[in-house]
$ cat model12.cif   # mmCIF, C-alpha atoms
data_final
loop_
_atom_site.label_atom_id
_atom_site.label_comp_id
_atom_site.auth_asym_id
_atom_site.auth_seq_id
_atom_site.Cartn_x
_atom_site.Cartn_y
_atom_site.Cartn_z
CA MET A 259 -187.12 -12.34 108.78
CA ASP A 260 -186.51 -16.05 108.52
CA TYR A 261 -185.51 -15.78 104.87
CA LEU A 262 -182.19 -14.10 105.75
CA THR A 263 -179.26 -16.46 105.99
CA GLY A 264 -175.52 -16.38 106.47
CA GLU A 265 -173.63 -13.11 106.69
CA CYS A 266 -176.70 -11.00 105.97
CA ALA A 267 -178.62 -12.60 108.83
CA ASN A 268 -175.68 -12.12 111.19
CA LEU A 269 -175.47 -8.41 110.37
CA TRP A 270 -179.23 -7.95 110.67
CA ASN A 271 -179.17 -9.69 114.06
CA ALA A 272 -176.37 -7.37 115.19
CA ILE A 273 -178.50 -4.39 114.16
CA LEU A 274 -181.69 -5.65 115.81
CA ASP A 275 -180.29 -7.33 118.92
CA GLY A 276 -177.37 -5.14 120.03
CA PRO A 277 -175.71 -4.10 122.25
CA THR A 278 -172.45 -5.92 121.79
CA ILE A 279 -170.77 -5.01 125.05
CA LEU A 280 -169.49 -8.39 126.10
CA MET A 281 -170.32 -9.12 129.73
CA LYS A 282 -169.32 -11.65 132.35
CA THR A 283 -170.37 -12.34 135.92
CA SER A 284 -168.28 -10.47 138.47
CA ALA A 285 -166.06 -12.28 140.99
CA ASP A 286 -168.70 -11.90 143.70
CA GLY A 287 -171.29 -13.49 141.38
CA LYS A 288 -173.79 -10.67 141.80
CA ASP A 289 -173.14 -8.25 138.94
CA GLN A 290 -172.41 -8.27 135.24
CA VAL A 291 -169.20 -6.51 134.23
CA PRO A 292 -167.61 -5.98 130.81
CA LYS A 293 -165.18 -8.64 129.63
CA ASP A 294 -161.57 -7.72 129.06
CA ARG A 295 -160.39 -8.10 125.49
CA LYS A 296 -158.12 -10.96 126.59
CA GLU A 297 -161.19 -12.90 127.77
CA TRP A 298 -162.98 -12.86 124.42
CA ASP A 299 -163.66 -16.24 122.86
CA VAL A 300 -164.33 -16.96 119.16
CA ALA A 301 -168.07 -16.22 119.45
CA ASP A 302 -167.32 -12.89 121.16
CA LYS A 303 -164.91 -11.91 118.38
CA ILE A 304 -167.48 -12.80 115.72
CA ALA A 305 -170.12 -10.70 117.52
CA ILE A 306 -167.72 -7.72 117.61
CA GLN A 307 -166.93 -8.17 113.90
CA ASN A 308 -170.62 -8.38 112.99
CA ASN A 309 -171.35 -5.21 114.94
CA ALA A 310 -168.48 -3.39 113.18
CA LYS A 311 -169.69 -4.51 109.75
CA ALA A 312 -173.28 -3.56 110.56
CA ARG A 313 -172.13 -0.12 111.77
CA LYS A 314 -170.28 0.36 108.50
CA VAL A 315 -173.31 -0.65 106.43
CA LEU A 316 -175.54 1.76 108.36
CA THR A 317 -173.14 4.69 108.11
CA CYS A 318 -171.97 4.37 104.50
CA GLY A 319 -174.99 5.89 102.81
CA ILE A 320 -175.95 8.73 105.10
CA GLU A 321 -175.36 12.46 104.91
CA LEU A 322 -172.82 14.28 107.05
CA ASP A 323 -175.43 15.74 109.43
CA GLU A 324 -176.84 12.30 110.15
CA TYR A 325 -173.37 10.81 110.45
CA ASN A 326 -172.45 13.42 113.04
CA ARG A 327 -175.57 12.50 115.01
CA ILE A 328 -174.65 8.81 115.24
CA SER A 329 -170.86 8.69 114.84
CA SER A 330 -170.17 8.27 118.56
CA PHE A 331 -172.40 5.20 118.90
CA GLN A 332 -170.61 1.90 119.34
CA ASP A 333 -173.57 -0.38 118.63
CA ALA A 334 -175.34 -0.89 115.34
CA LYS A 335 -178.61 -1.12 117.29
CA GLN A 336 -178.12 2.38 118.70
CA ILE A 337 -177.46 3.72 115.20
CA ARG A 338 -180.54 2.03 113.72
CA ASP A 339 -182.81 3.13 116.57
CA THR A 340 -181.60 6.73 116.31
CA LEU A 341 -181.98 6.86 112.53
CA GLN A 342 -185.41 5.24 112.73
CA THR A 343 -186.63 7.73 115.34
CA THR A 344 -185.15 10.60 113.33
CA HIS A 345 -186.91 9.61 110.13
CA GLU A 346 -190.11 8.05 111.42
CA GLY A 347 -190.41 9.71 114.80
CA THR A 348 -191.60 8.08 117.98
CA THR A 349 -194.66 5.83 117.86
CA VAL A 350 -196.93 8.79 118.67
CA VAL A 351 -195.34 10.99 116.00
CA LYS A 352 -195.47 8.14 113.47
CA LYS A 353 -199.18 7.63 114.15
CA ALA A 354 -199.80 11.36 113.74
CA LYS A 355 -197.91 11.34 110.42
CA ILE A 356 -199.95 8.37 109.20
CA ASP A 357 -203.19 10.12 110.22
CA ASN A 358 -202.13 13.30 108.43
CA LEU A 359 -201.15 11.41 105.27
CA ASN A 360 -204.42 9.44 105.30
CA ARG A 361 -206.25 12.75 105.57
CA GLN A 362 -204.27 14.12 102.60
CA TYR A 363 -205.16 10.97 100.67
CA GLU A 364 -208.87 11.20 101.50
CA LEU A 365 -209.04 14.93 100.72
CA PHE A 366 -206.90 14.70 97.58
CA LYS A 367 -208.18 17.04 94.90
CA ILE A 368 -206.82 18.15 91.57
CA LYS A 369 -205.81 21.80 91.53
CA GLU A 370 -206.87 24.11 88.72
CA GLU A 371 -204.36 24.33 85.89
CA GLU A 372 -202.42 21.38 87.34
CA ILE A 373 -200.90 19.12 84.69
CA ILE A 374 -201.24 15.34 84.80
CA GLN A 375 -197.56 14.79 85.64
CA ASP A 376 -197.81 17.05 88.70
CA ILE A 377 -201.02 15.34 89.81
CA CYS A 378 -199.37 11.92 89.57
CA THR A 379 -196.24 13.08 91.36
CA ARG A 380 -198.19 14.66 94.21
CA PHE A 381 -200.44 11.62 94.61
CA THR A 382 -197.56 9.12 94.38
CA THR A 383 -195.63 11.07 97.02
CA ILE A 384 -198.55 10.72 99.44
CA LEU A 385 -198.84 6.99 98.74
CA ASN A 386 -195.07 6.42 99.10
CA GLU A 387 -194.95 8.27 102.42
CA ILE A 388 -197.89 6.25 103.74
CA HIS A 389 -196.20 3.04 102.61
CA SER A 390 -192.84 4.02 104.15
CA LEU A 391 -194.56 4.34 107.53
CA GLY A 392 -195.94 0.81 107.31
CA GLU A 393 -199.49 1.56 106.17
CA TYR A 394 -200.84 0.09 102.97
CA ILE A 395 -203.57 1.28 100.65
CA PRO A 396 -204.80 -1.45 98.32
CA THR A 397 -203.74 -0.92 94.70
CA GLY A 398 -207.31 -0.86 93.38
CA LYS A 399 -208.33 1.81 95.86
CA ALA A 400 -205.20 3.84 95.10
CA ILE A 401 -205.92 3.73 91.35
CA ARG A 402 -209.57 4.75 91.75
CA LYS A 403 -208.83 7.75 93.98
CA PRO A 404 -207.29 10.13 91.40
CA LEU A 405 -209.85 9.02 88.82
CA SER A 406 -212.69 9.88 91.19
CA VAL A 407 -211.50 13.47 91.62
CA LEU A 408 -211.01 14.31 87.94
CA PRO A 409 -212.89 17.45 86.93
CA GLU A 410 -215.77 17.21 84.46
CA SER A 411 -213.73 19.03 81.84
#
$ encode --input "model12.cif" --output "structure tokens"
Amino acid sequence: MDYLTGECANLWNAILDGPTILMKTSADGKDQVPKDRKEWDVADKIAIQNNAKARKVLTCGIELDEYNRISSFQDAKQIRDTLQTTHEGTTVVKKAKIDNLNRQYELFKIKEEEIIQDICTRFTTILNEIHSLGEYIPTGKAIRKPLSVLPES
């Protein structure tokens, strides 16, 4: 996402890169330990601020049940990953959903006594769900599909 700049890019990086637990090398030089707040420099403070803003952006528009699921997370990355898994599923589940939706698309038929508006809504829902999972059906193919299943009448 090279086209993102400024504040937006900083928040997106906080969401993608996380976690923002600031670490330092221990006195013995072998381990990484969390920094004390007194040891934070300007870059550390900016990273903490970006994480807080990103958390707020991610939590502002979600329902109470989802908020309760992620409210204890300190990192924007944890929130995003949890919400993504909740809505898309794991890679295996996502693939299964895509396969199922592609099957619904291929087997799409118009039901008897179904009105045009319901046909369009049902078909558009299938296409939107496929698209939301990262699969794309070319526009021409998508337009031809409902036309090819119209009844003779």
$ resolve_selection --input "model12.cif" --expression "the PyMOL selection byres ((chain A and resi 325-337) around 7)" --output "PDB file with C-alpha atoms, in the coordinates of the input"
ATOM      1  CA  ALA A 272    -176.370  -7.370 115.190  1.00  0.00           C
ATOM      2  CA  ILE A 273    -178.500  -4.390 114.160  1.00  0.00           C
ATOM      3  CA  LEU A 274    -181.690  -5.650 115.810  1.00  0.00           C
ATOM      4  CA  ASP A 275    -180.290  -7.330 118.920  1.00  0.00           C
ATOM      5  CA  GLY A 276    -177.370  -5.140 120.030  1.00  0.00           C
ATOM      6  CA  PRO A 277    -175.710  -4.100 122.250  1.00  0.00           C
ATOM      7  CA  THR A 278    -172.450  -5.920 121.790  1.00  0.00           C
ATOM      8  CA  ASN A 309    -171.350  -5.210 114.940  1.00  0.00           C
ATOM      9  CA  ALA A 312    -173.280  -3.560 110.560  1.00  0.00           C
ATOM     10  CA  ARG A 313    -172.130  -0.120 111.770  1.00  0.00           C
ATOM     11  CA  THR A 317    -173.140   4.690 108.110  1.00  0.00           C
ATOM     12  CA  ILE A 320    -175.950   8.730 105.100  1.00  0.00           C
ATOM     13  CA  GLU A 321    -175.360  12.460 104.910  1.00  0.00           C
ATOM     14  CA  LEU A 322    -172.820  14.280 107.050  1.00  0.00           C
ATOM     15  CA  ASP A 323    -175.430  15.740 109.430  1.00  0.00           C
ATOM     16  CA  GLU A 324    -176.840  12.300 110.150  1.00  0.00           C
ATOM     17  CA  ARG A 338    -180.540   2.030 113.720  1.00  0.00           C
ATOM     18  CA  ASP A 339    -182.810   3.130 116.570  1.00  0.00           C
ATOM     19  CA  THR A 340    -181.600   6.730 116.310  1.00  0.00           C
ATOM     20  CA  LEU A 341    -181.980   6.860 112.530  1.00  0.00           C
TER      21      LEU A 341
END
$ residues_around --input "model12.cif" --residues "Lys403 of chain A" --least-positions-apart "6" --cutoff "9 Å" --atoms "only C-alpha atoms" --output "list in words"
Tyr363, Glu364 and Phe366 of chain A
$ residues_around --input "model12.cif" --residues "Glu265 of chain A" --least-positions-apart "6" --cutoff "10 Å" --atoms "all atoms listed in the file" --output "ChimeraX atom specification"
/A:271,308,311
$ closest_residue --input "model12.cif" --among "A:Leu280, A:Cys378, A:Leu391, A:Ala310" --to "Lys353 of chain A" --atoms "only C-alpha atoms"
A:Leu391
$ atom_distance --input "model12.cif" --atom1 "atom CA of Thr383 of chain A" --atom2 "atom CA of Gly347 of chain A"
18.6 Å
$ closest_residue --input "model12.cif" --among "A:Thr379, A:Ile368, A:Lys296, A:Ile384" --to "Pro404 of chain A" --atoms "all atoms listed in the file"
A:Ile368
$ closest_residue --input "model12.cif" --among "A:Thr348, A:Gln362, A:Thr263, A:Gln342" --to "Arg380 of chain A" --atoms "all atoms listed in the file"
A:Gln362
$ atom_distance --input "model12.cif" --atom1 "atom CA of Leu365 of chain A" --atom2 "atom CA of Phe381 of chain A"
11.1 Å
$ residues_around --input "model12.cif" --residues "Leu359 of chain A" --least-positions-apart "6" --cutoff "9 Å" --atoms "all atoms listed in the file" --output "short mmCIF file (atom, residue, chain, number, x, y, z; two decimals) with C-alpha atoms, in the frame of the given file"
data_model
loop_
_atom_site.label_atom_id
_atom_site.label_comp_id
_atom_site.auth_asym_id
_atom_site.auth_seq_id
_atom_site.Cartn_x
_atom_site.Cartn_y
_atom_site.Cartn_z
CA ILE A 384 -198.55 10.72 99.44
CA LEU A 385 -198.84 6.99 98.74
CA GLU A 387 -194.95 8.27 102.42
CA ILE A 388 -197.89 6.25 103.74
#
$ closest_residue --input "model12.cif" --among "A:Gln290, A:Thr344, A:Asn386, A:Gln307" --to "Asn268 of chain A" --atoms "only C-alpha atoms"
A:Gln307
$ atom_distance --input "model12.cif" --atom1 "atom CA of Glu371 of chain A" --atom2 "atom CA of Glu410 of chain A"
13.5 Å
$ axis_aligned_box --input "model12.cif" --around "segment 364-371 of chain A" --padding-each-side "3 Å" --output "AutoDock Vina command-line options"
--center_x -206.7 --center_y 17.8 --center_z 93.7 --size_x 10.7 --size_y 19.1 --size_z 21.6
$ closest_residue --input "model12.cif" --among "A:Val351, A:Asn360, A:Pro292, A:Leu269" --to "Ile304 of chain A" --atoms "only C-alpha atoms"
A:Leu269
$ decode --input "model12.cif" --residues "segment 320-332 of chain A" --atoms "all heavy atoms" --output "PDB file, in the first residue's frame"
ATOM      1  N   ILE A 320     -17.654  -1.065  15.685  1.00  0.00           N
ATOM      2  CA  ILE A 320     -18.045  -2.470  15.832  1.00  0.00           C
ATOM      3  C   ILE A 320     -19.134  -2.628  16.892  1.00  0.00           C
ATOM      4  O   ILE A 320     -19.315  -1.774  17.755  1.00  0.00           O
ATOM      5  CB  ILE A 320     -16.837  -3.373  16.165  1.00  0.00           C
ATOM      6  CG1 ILE A 320     -16.157  -2.951  17.459  1.00  0.00           C
ATOM      7  CG2 ILE A 320     -15.840  -3.363  15.019  1.00  0.00           C
ATOM      8  CD1 ILE A 320     -15.042  -3.864  17.889  1.00  0.00           C
ATOM      9  N   GLU A 321     -19.837  -3.725  16.809  1.00  0.00           N
ATOM     10  CA  GLU A 321     -20.920  -4.014  17.745  1.00  0.00           C
ATOM     11  C   GLU A 321     -20.362  -4.428  19.102  1.00  0.00           C
ATOM     12  O   GLU A 321     -19.194  -4.798  19.226  1.00  0.00           O
ATOM     13  CB  GLU A 321     -21.792  -5.141  17.194  1.00  0.00           C
ATOM     14  CG  GLU A 321     -22.515  -4.762  15.921  1.00  0.00           C
ATOM     15  CD  GLU A 321     -23.332  -5.916  15.367  1.00  0.00           C
ATOM     16  OE1 GLU A 321     -23.279  -7.034  15.923  1.00  0.00           O
ATOM     17  OE2 GLU A 321     -24.028  -5.683  14.365  1.00  0.00           O
ATOM     18  N   LEU A 322     -21.217  -4.400  20.100  1.00  0.00           N
ATOM     19  CA  LEU A 322     -20.811  -4.687  21.472  1.00  0.00           C
ATOM     20  C   LEU A 322     -20.204  -6.083  21.616  1.00  0.00           C
ATOM     21  O   LEU A 322     -19.190  -6.253  22.294  1.00  0.00           O
ATOM     22  CB  LEU A 322     -21.998  -4.527  22.421  1.00  0.00           C
ATOM     23  CG  LEU A 322     -21.703  -4.713  23.910  1.00  0.00           C
ATOM     24  CD1 LEU A 322     -20.642  -3.722  24.383  1.00  0.00           C
ATOM     25  CD2 LEU A 322     -22.973  -4.565  24.727  1.00  0.00           C
ATOM     26  N   ASP A 323     -20.788  -7.092  20.964  1.00  0.00           N
ATOM     27  CA  ASP A 323     -20.255  -8.454  21.071  1.00  0.00           C
ATOM     28  C   ASP A 323     -18.822  -8.524  20.545  1.00  0.00           C
ATOM     29  O   ASP A 323     -17.962  -9.158  21.150  1.00  0.00           O
ATOM     30  CB  ASP A 323     -21.117  -9.453  20.290  1.00  0.00           C
ATOM     31  CG  ASP A 323     -22.453  -9.708  20.961  1.00  0.00           C
ATOM     32  OD1 ASP A 323     -22.571  -9.394  22.168  1.00  0.00           O
ATOM     33  OD2 ASP A 323     -23.364 -10.209  20.296  1.00  0.00           O
ATOM     34  N   GLU A 324     -18.583  -7.868  19.413  1.00  0.00           N
ATOM     35  CA  GLU A 324     -17.230  -7.863  18.864  1.00  0.00           C
ATOM     36  C   GLU A 324     -16.295  -7.051  19.750  1.00  0.00           C
ATOM     37  O   GLU A 324     -15.147  -7.421  19.946  1.00  0.00           O
ATOM     38  CB  GLU A 324     -17.234  -7.309  17.436  1.00  0.00           C
ATOM     39  CG  GLU A 324     -17.860  -8.252  16.463  1.00  0.00           C
ATOM     40  CD  GLU A 324     -17.840  -7.704  15.051  1.00  0.00           C
ATOM     41  OE1 GLU A 324     -17.930  -6.477  14.873  1.00  0.00           O
ATOM     42  OE2 GLU A 324     -17.722  -8.522  14.140  1.00  0.00           O
ATOM     43  N   TYR A 325     -16.782  -5.939  20.262  1.00  0.00           N
ATOM     44  CA  TYR A 325     -15.952  -5.120  21.144  1.00  0.00           C
ATOM     45  C   TYR A 325     -15.524  -5.923  22.369  1.00  0.00           C
ATOM     46  O   TYR A 325     -14.367  -5.877  22.782  1.00  0.00           O
ATOM     47  CB  TYR A 325     -16.683  -3.844  21.571  1.00  0.00           C
ATOM     48  CG  TYR A 325     -15.850  -3.008  22.502  1.00  0.00           C
ATOM     49  CD1 TYR A 325     -14.824  -2.210  22.003  1.00  0.00           C
ATOM     50  CD2 TYR A 325     -16.041  -3.056  23.877  1.00  0.00           C
ATOM     51  CE1 TYR A 325     -14.021  -1.467  22.844  1.00  0.00           C
ATOM     52  CE2 TYR A 325     -15.246  -2.310  24.725  1.00  0.00           C
ATOM     53  CZ  TYR A 325     -14.235  -1.518  24.209  1.00  0.00           C
ATOM     54  OH  TYR A 325     -13.434  -0.796  25.053  1.00  0.00           O
ATOM     55  N   ASN A 326     -16.451  -6.666  22.943  1.00  0.00           N
ATOM     56  CA  ASN A 326     -16.120  -7.480  24.112  1.00  0.00           C
ATOM     57  C   ASN A 326     -15.062  -8.528  23.794  1.00  0.00           C
ATOM     58  O   ASN A 326     -14.244  -8.878  24.632  1.00  0.00           O
ATOM     59  CB  ASN A 326     -17.375  -8.152  24.677  1.00  0.00           C
ATOM     60  CG  ASN A 326     -18.298  -7.160  25.343  1.00  0.00           C
ATOM     61  OD1 ASN A 326     -17.864  -6.098  25.795  1.00  0.00           O
ATOM     62  ND2 ASN A 326     -19.571  -7.473  25.386  1.00  0.00           N
ATOM     63  N   ARG A 327     -15.065  -9.016  22.565  1.00  0.00           N
ATOM     64  CA  ARG A 327     -14.088 -10.019  22.146  1.00  0.00           C
ATOM     65  C   ARG A 327     -12.674  -9.441  22.077  1.00  0.00           C
ATOM     66  O   ARG A 327     -11.702 -10.128  22.339  1.00  0.00           O
ATOM     67  CB  ARG A 327     -14.494 -10.583  20.777  1.00  0.00           C
ATOM     68  CG  ARG A 327     -13.615 -11.699  20.277  1.00  0.00           C
ATOM     69  CD  ARG A 327     -14.066 -12.236  18.919  1.00  0.00           C
ATOM     70  NE  ARG A 327     -15.409 -12.781  18.987  1.00  0.00           N
ATOM     71  CZ  ARG A 327     -16.431 -12.382  18.215  1.00  0.00           C
ATOM     72  NH1 ARG A 327     -16.261 -11.457  17.313  1.00  0.00           N
ATOM     73  NH2 ARG A 327     -17.612 -12.936  18.343  1.00  0.00           N
ATOM     74  N   ILE A 328     -12.549  -8.168  21.726  1.00  0.00           N
ATOM     75  CA  ILE A 328     -11.225  -7.597  21.468  1.00  0.00           C
ATOM     76  C   ILE A 328     -10.825  -6.492  22.452  1.00  0.00           C
ATOM     77  O   ILE A 328      -9.724  -5.967  22.361  1.00  0.00           O
ATOM     78  CB  ILE A 328     -11.132  -7.054  20.022  1.00  0.00           C
ATOM     79  CG1 ILE A 328     -12.262  -6.074  19.686  1.00  0.00           C
ATOM     80  CG2 ILE A 328     -11.166  -8.183  19.027  1.00  0.00           C
ATOM     81  CD1 ILE A 328     -11.916  -4.676  19.917  1.00  0.00           C
ATOM     82  N   SER A 329     -11.688  -6.150  23.384  1.00  0.00           N
ATOM     83  CA  SER A 329     -11.436  -4.991  24.247  1.00  0.00           C
ATOM     84  C   SER A 329     -10.197  -5.132  25.124  1.00  0.00           C
ATOM     85  O   SER A 329      -9.605  -4.126  25.515  1.00  0.00           O
ATOM     86  CB  SER A 329     -12.656  -4.693  25.116  1.00  0.00           C
ATOM     87  OG  SER A 329     -12.909  -5.785  25.982  1.00  0.00           O
ATOM     88  N   SER A 330      -9.782  -6.321  25.426  1.00  0.00           N
ATOM     89  CA  SER A 330      -8.609  -6.496  26.300  1.00  0.00           C
ATOM     90  C   SER A 330      -7.288  -6.432  25.541  1.00  0.00           C
ATOM     91  O   SER A 330      -6.220  -6.375  26.149  1.00  0.00           O
ATOM     92  CB  SER A 330      -8.701  -7.833  27.043  1.00  0.00           C
ATOM     93  OG  SER A 330      -8.639  -8.898  26.117  1.00  0.00           O
ATOM     94  N   PHE A 331      -7.341  -6.417  24.217  1.00  0.00           N
ATOM     95  CA  PHE A 331      -6.105  -6.394  23.426  1.00  0.00           C
ATOM     96  C   PHE A 331      -5.450  -5.024  23.481  1.00  0.00           C
ATOM     97  O   PHE A 331      -6.111  -4.001  23.375  1.00  0.00           O
ATOM     98  CB  PHE A 331      -6.365  -6.765  21.964  1.00  0.00           C
ATOM     99  CG  PHE A 331      -6.883  -8.172  21.770  1.00  0.00           C
ATOM    100  CD1 PHE A 331      -7.691  -8.475  20.699  1.00  0.00           C
ATOM    101  CD2 PHE A 331      -6.556  -9.183  22.652  1.00  0.00           C
ATOM    102  CE1 PHE A 331      -8.162  -9.758  20.496  1.00  0.00           C
ATOM    103  CE2 PHE A 331      -7.015 -10.469  22.465  1.00  0.00           C
ATOM    104  CZ  PHE A 331      -7.824 -10.761  21.394  1.00  0.00           C
ATOM    105  N   GLN A 332      -4.140  -5.016  23.619  1.00  0.00           N
ATOM    106  CA  GLN A 332      -3.395  -3.765  23.690  1.00  0.00           C
ATOM    107  C   GLN A 332      -2.850  -3.325  22.337  1.00  0.00           C
ATOM    108  O   GLN A 332      -2.510  -2.167  22.157  1.00  0.00           O
ATOM    109  CB  GLN A 332      -2.228  -3.898  24.687  1.00  0.00           C
ATOM    110  CG  GLN A 332      -2.683  -4.114  26.113  1.00  0.00           C
ATOM    111  CD  GLN A 332      -3.603  -3.001  26.592  1.00  0.00           C
ATOM    112  OE1 GLN A 332      -3.283  -1.830  26.484  1.00  0.00           O
ATOM    113  NE2 GLN A 332      -4.771  -3.377  27.099  1.00  0.00           N
TER     114      GLN A 332
END
